[in-house]
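Next comes query18.txt, a file with compact mmCIF, C-alpha atoms.
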```txt
# COMPACT_ATOMS: atom_id res chain seq x y z
CA MET E 146 68.84 111.92 89.59
CA GLY E 147 71.07 109.35 87.99
CA GLY E 148 71.93 111.74 85.18
CA HIS E 149 75.27 112.73 83.72
CA ASP E 150 77.72 113.74 86.46
CA PRO E 151 80.94 115.11 84.96
CA LEU E 152 82.57 115.61 88.37
CA LEU E 153 81.97 111.96 89.29
CA GLU E 154 83.34 110.87 85.92
CA GLU E 155 86.48 112.95 86.50
CA LEU E 156 86.88 111.46 89.99
CA LEU E 157 86.58 107.93 88.58
CA LEU E 158 89.12 108.72 85.86
CA LEU E 159 91.59 110.06 88.44
CA LYS E 160 90.90 107.09 90.70
CA GLY E 161 91.75 104.73 87.83
CA GLU E 162 94.96 106.65 87.09
CA GLY E 163 95.86 106.58 90.79
CA LEU E 164 95.30 102.82 90.90
CA ASP E 165 97.52 102.35 87.86
CA LEU E 166 100.31 104.37 89.55
CA PHE E 167 99.81 102.51 92.82
CA LEU E 168 100.08 99.10 91.14
CA ARG E 169 103.13 100.19 89.19
CA HIS E 170 104.77 101.39 92.40
CA TYR E 171 103.81 98.17 94.20
CA PHE E 172 105.28 95.85 91.58
CA GLU E 173 108.35 97.99 90.80
CA GLN E 174 109.28 99.31 94.27
CA GLU E 175 107.53 97.40 97.04
CA VAL E 176 107.00 93.70 96.53
CA PHE E 177 109.97 91.55 97.62
CA SER E 178 111.95 94.56 98.88
CA LEU E 179 113.64 94.24 102.27
CA THR E 180 110.96 96.41 103.87
CA TRP E 181 108.25 94.26 102.25
CA TRP E 182 109.76 91.15 103.87
CA VAL E 183 109.83 92.94 107.25
CA VAL E 184 106.15 93.83 106.82
CA VAL E 185 105.33 90.20 105.91
CA ALA E 186 107.23 88.97 108.99
CA LEU E 187 105.31 91.45 111.15
CA PHE E 188 102.14 89.90 109.77
CA VAL E 189 103.06 86.28 110.53
CA LEU E 190 105.36 86.18 113.57
CA PRO E 191 103.12 88.00 116.10
CA LEU E 192 100.27 85.62 115.26
CA ILE E 193 102.46 82.60 115.97
CA PHE E 194 103.64 84.21 119.21
CA TRP E 195 100.06 85.05 120.23
CA TRP E 196 98.79 81.55 119.45
CA LYS E 197 101.40 80.03 121.77
CA LEU E 198 100.38 82.37 124.62
CA ALA E 199 96.61 82.55 124.05
CA ASP E 200 94.35 81.22 126.78
CA LYS E 201 92.50 78.61 124.72
CA LYS E 202 89.73 78.38 127.36
CA ARG E 203 88.82 82.02 126.67
CA LEU E 204 89.66 81.98 122.98
CA LEU E 205 86.31 83.20 121.68
CA GLU E 206 86.12 86.09 124.13
CA ILE E 207 89.72 87.13 123.45
CA CYS E 208 89.18 86.90 119.69
CA VAL E 209 86.05 89.07 119.93
CA PHE E 210 88.17 91.68 121.70
CA GLY E 211 90.84 91.40 118.98
CA LEU E 212 88.28 91.64 116.19
CA LEU E 213 86.85 94.82 117.69
CA ILE E 214 90.36 96.28 117.76
CA ASN E 215 90.94 95.16 114.17
CA VAL E 216 87.75 96.78 112.89
CA ALA E 217 88.39 100.06 114.70
CA ALA E 218 92.08 100.20 113.73
CA SER E 219 91.25 99.47 110.09
CA PHE E 220 88.58 102.19 110.03
CA LEU E 221 90.97 104.73 111.55
CA ASP E 222 93.73 103.66 109.17
CA VAL E 223 91.57 104.15 106.09
CA PHE E 224 90.47 107.53 107.45
CA GLY E 225 94.07 108.62 108.06
CA SER E 226 95.24 107.46 104.64
CA ASP E 227 92.28 108.95 102.79
CA TYR E 228 92.71 112.30 104.52
CA VAL E 229 96.46 112.24 103.84
CA LEU E 230 97.54 112.19 107.47
CA TRP E 231 99.97 109.35 106.77
CA GLU E 232 100.89 106.92 104.03
CA TYR E 233 102.26 103.42 103.81
CA PRO E 234 105.03 103.23 101.21
CA VAL E 235 105.08 99.41 101.38
CA HIS E 236 102.08 97.07 101.33
CA VAL E 237 101.87 93.31 101.85
CA LEU E 238 99.22 93.10 99.14
CA PRO E 239 98.51 95.57 96.36
CA MET E 240 95.70 97.22 98.32
CA ASN E 241 95.80 100.88 99.24
CA GLY E 242 95.07 102.39 102.63
CA LEU E 243 95.83 99.66 105.13
CA LEU E 244 98.95 98.39 106.77
CA PHE E 245 97.76 94.84 107.35
CA PRO E 246 100.34 93.83 109.97
CA VAL E 247 99.43 96.78 112.18
CA ASP E 248 95.64 96.78 111.79
CA TYR E 249 95.14 93.03 111.59
CA VAL E 250 97.94 91.70 113.76
CA ILE E 251 100.15 93.94 115.90
CA VAL E 252 97.59 96.27 117.49
CA PRO E 253 95.04 93.46 118.06
CA VAL E 254 97.67 90.98 119.34
CA VAL E 255 99.07 93.47 121.84
CA GLY E 256 95.54 94.23 122.99
CA MET E 257 94.54 90.56 123.23
CA LEU E 258 97.58 89.77 125.35
CA LEU E 259 96.78 92.66 127.67
CA TYR E 260 93.10 91.70 127.81
CA GLN E 261 94.01 88.11 128.64
CA ARG E 262 96.60 89.04 131.28
CA PHE E 263 94.90 91.87 133.19
CA ALA E 264 91.46 91.00 134.57
CA LYS E 265 90.96 94.22 136.58
CA TRP E 266 90.45 97.61 134.98
CA LYS E 267 93.20 99.55 136.76
CA PRO E 268 96.09 97.19 135.88
CA PHE E 269 94.64 96.83 132.37
CA LEU E 270 94.63 100.60 131.84
CA ILE E 271 98.13 100.96 133.24
CA ALA E 272 99.38 98.22 130.90
CA CYS E 273 97.51 99.80 127.98
CA THR E 274 99.11 103.15 128.74
CA LEU E 275 102.58 101.59 128.76
CA ALA E 276 101.89 99.59 125.58
CA SER E 277 100.43 102.66 123.88
CA ALA E 278 103.49 104.71 124.79
CA PHE E 279 105.77 101.99 123.40
CA MET E 280 103.78 101.70 120.16
CA SER E 281 103.46 105.46 119.70
CA PHE E 282 106.98 106.55 120.64
CA ALA E 283 109.10 103.51 119.75
CA CYS E 284 107.32 101.32 117.20
CA GLU E 285 105.92 104.10 115.01
CA PRO E 286 109.28 105.94 114.75
CA PHE E 287 110.93 102.61 113.93
CA ALA E 288 108.32 102.00 111.20
CA VAL E 289 109.13 105.43 109.75
CA TRP E 290 112.86 104.74 109.96
CA ILE E 291 112.62 101.45 108.02
CA GLY E 292 110.30 103.01 105.43
CA MET E 293 107.01 101.24 106.11
CA TYR E 294 105.21 104.32 107.47
CA LYS E 295 105.34 107.96 106.37
CA LEU E 296 103.90 110.75 108.49
CA ILE E 297 102.35 113.58 106.52
CA SER E 298 100.08 115.60 108.86
CA TRP E 299 100.32 113.33 111.88
CA LYS E 300 102.45 113.28 115.01
CA TYR E 301 103.29 110.25 117.15
CA VAL E 302 101.70 111.85 120.19
CA TYR E 303 98.29 111.77 118.47
CA SER E 304 98.41 107.97 118.36
CA PHE E 305 99.03 107.59 122.08
CA PRO E 306 95.51 108.31 123.42
CA ILE E 307 93.93 106.54 120.44
CA TYR E 308 95.56 103.22 121.30
CA ILE E 309 94.43 103.54 124.92
CA ALA E 310 90.88 104.41 123.86
CA LEU E 311 90.75 101.53 121.36
CA TYR E 312 91.74 99.01 124.01
CA ALA E 313 89.47 100.45 126.72
CA ILE E 314 86.41 100.63 124.46
CA ALA E 315 87.00 97.14 123.08
CA ARG E 316 87.35 95.79 126.62
CA LEU E 317 84.13 97.50 127.71
CA ILE E 318 82.19 96.10 124.75
CA THR E 319 83.69 92.61 125.11
CA GLN E 320 82.94 92.47 128.82
CA ARG E 321 79.36 93.62 128.26
CA LEU E 322 78.86 90.99 125.57
CA ALA E 323 80.35 88.26 127.80
CA SER E 324 78.14 89.39 130.69
CA ARG E 325 75.00 89.32 128.57
CA GLN E 326 75.91 85.88 127.28
CA ALA E 327 76.49 84.58 130.81
CA LYS E 328 73.09 85.95 131.93
CA ALA E 329 71.35 84.39 128.92
CA GLN E 330 72.85 80.98 129.69
CA LYS E 331 71.49 80.92 133.27
```

Could the structure of this file be written out as structure tokens, please?
Amino acid sequence: MGGHDPLLEELLLLKGEGLDLFLRHYFEQEVFSLTWWVVVALFVLPLIFWWKLADKKRLLEICVFGLLINVAASFLDVFGSDYVLWEYPVHVLPMNGLLFPVDYVIVPVVGMLLYQRFAKWKPFLIACTLASAFMSFACEPFAVWIGMYKLISWKYVYSFPIYIALYAIARLITQRLASRQAKAQK
């Protein structure tokens, strides 16, 4: 226990070398490239759009829903990157594994707008299915085309049910939390 671990030392050495290569790539190929600016815009513009449309009376509830989406999307993104299912050739910040605009903005904003707009389950699920199809079969191919997303062992069709599940599970959890809060306040 706690002794010399040559395999761990080799992993740490390779991790350091990988970080050096990643940072070199980031500063030589990514930052301030056209694709980088597109990624930055995708980080900022949807938030401005969402803020203008957000129901400020339900802001906390809607943000809880969005945060749940953000956490789940980020977890899945790290998993997919670590297991070499996909890669992001361009990053907003020099941090590996996440595509911030997608995990922190686009997927949550789409979900928050759907959550806000559709109060009943059936219309919500229909809208989620349509949004998931658009993100899986239009947005993801576009992201590949402009060079911000690279599929390795992943297919667009795999993303489709995941988006639907993310939104449905986040809605279920958010509604249960809101219900418990309402009962506690009585």

Residue neighbourhood Ile297 of chain E, 6 Å, only C-alpha atoms, exclusion window fewer than 2 positions, as a PDB file with C-alpha atoms, keeping the file's coordinate frame:
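The resulting file, around-v3.pdb, is shown below:
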```
ATOM      1  CA  LEU E 230      97.540 112.190 107.470  1.00  0.00           C
ATOM      2  CA  TRP E 231      99.970 109.350 106.770  1.00  0.00           C
ATOM      3  CA  TRP E 299     100.320 113.330 111.880  1.00  0.00           C
TER       4      TRP E 299
END
```

>> So that I can see what lies close to Leu221 of chain E, please list as an MDAnalysis selection string the residues with an atom at most 12 Å from it, counting only C-alpha atoms and leaving out residues fewer than 6 positions away in the same chain.
In response: chainID E and resid 214:215 227:228 230:231 242:244 247:248 304 307:308 311

Would you write out those residues with C-alpha atoms, as an mmCIF file, in the coordinates of the input?
```cif
data_model
loop_
_atom_site.group_PDB
_atom_site.id
_atom_site.type_symbol
_atom_site.label_atom_id
_atom_site.label_comp_id
_atom_site.auth_asym_id
_atom_site.auth_seq_id
_atom_site.Cartn_x
_atom_site.Cartn_y
_atom_site.Cartn_z
ATOM 1 C CA ILE E 214 90.360 96.280 117.760
ATOM 2 C CA ASN E 215 90.940 95.160 114.170
ATOM 3 C CA ASP E 227 92.280 108.950 102.790
ATOM 4 C CA TYR E 228 92.710 112.300 104.520
ATOM 5 C CA LEU E 230 97.540 112.190 107.470
ATOM 6 C CA TRP E 231 99.970 109.350 106.770
ATOM 7 C CA GLY E 242 95.070 102.390 102.630
ATOM 8 C CA LEU E 243 95.830 99.660 105.130
ATOM 9 C CA LEU E 244 98.950 98.390 106.770
ATOM 10 C CA VAL E 247 99.430 96.780 112.180
ATOM 11 C CA ASP E 248 95.640 96.780 111.790
ATOM 12 C CA SER E 304 98.410 107.970 118.360
ATOM 13 C CA ILE E 307 93.930 106.540 120.440
ATOM 14 C CA TYR E 308 95.560 103.220 121.300
ATOM 15 C CA LEU E 311 90.750 101.530 121.360
#
```

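Nearest to Leu164 of chain E of all the residues E:Ile309, E:Ala283, E:Leu259, E:Met240 is E:Met240, based on all atoms listed in the file.
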
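Proximity to Pro239 of chain E was assessed for E:Leu168, E:Ala272, E:Val302, E:Ile251 counting only C-alpha atoms; the smallest distance is recorded for E:Leu168.
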
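Of the residues listed (E:Pro246, E:Gly225, E:Met257, E:Val183), E:Gly225 shows the shortest atom-to-atom separation from Lys300 of chain E; distances use all atoms listed in the file.
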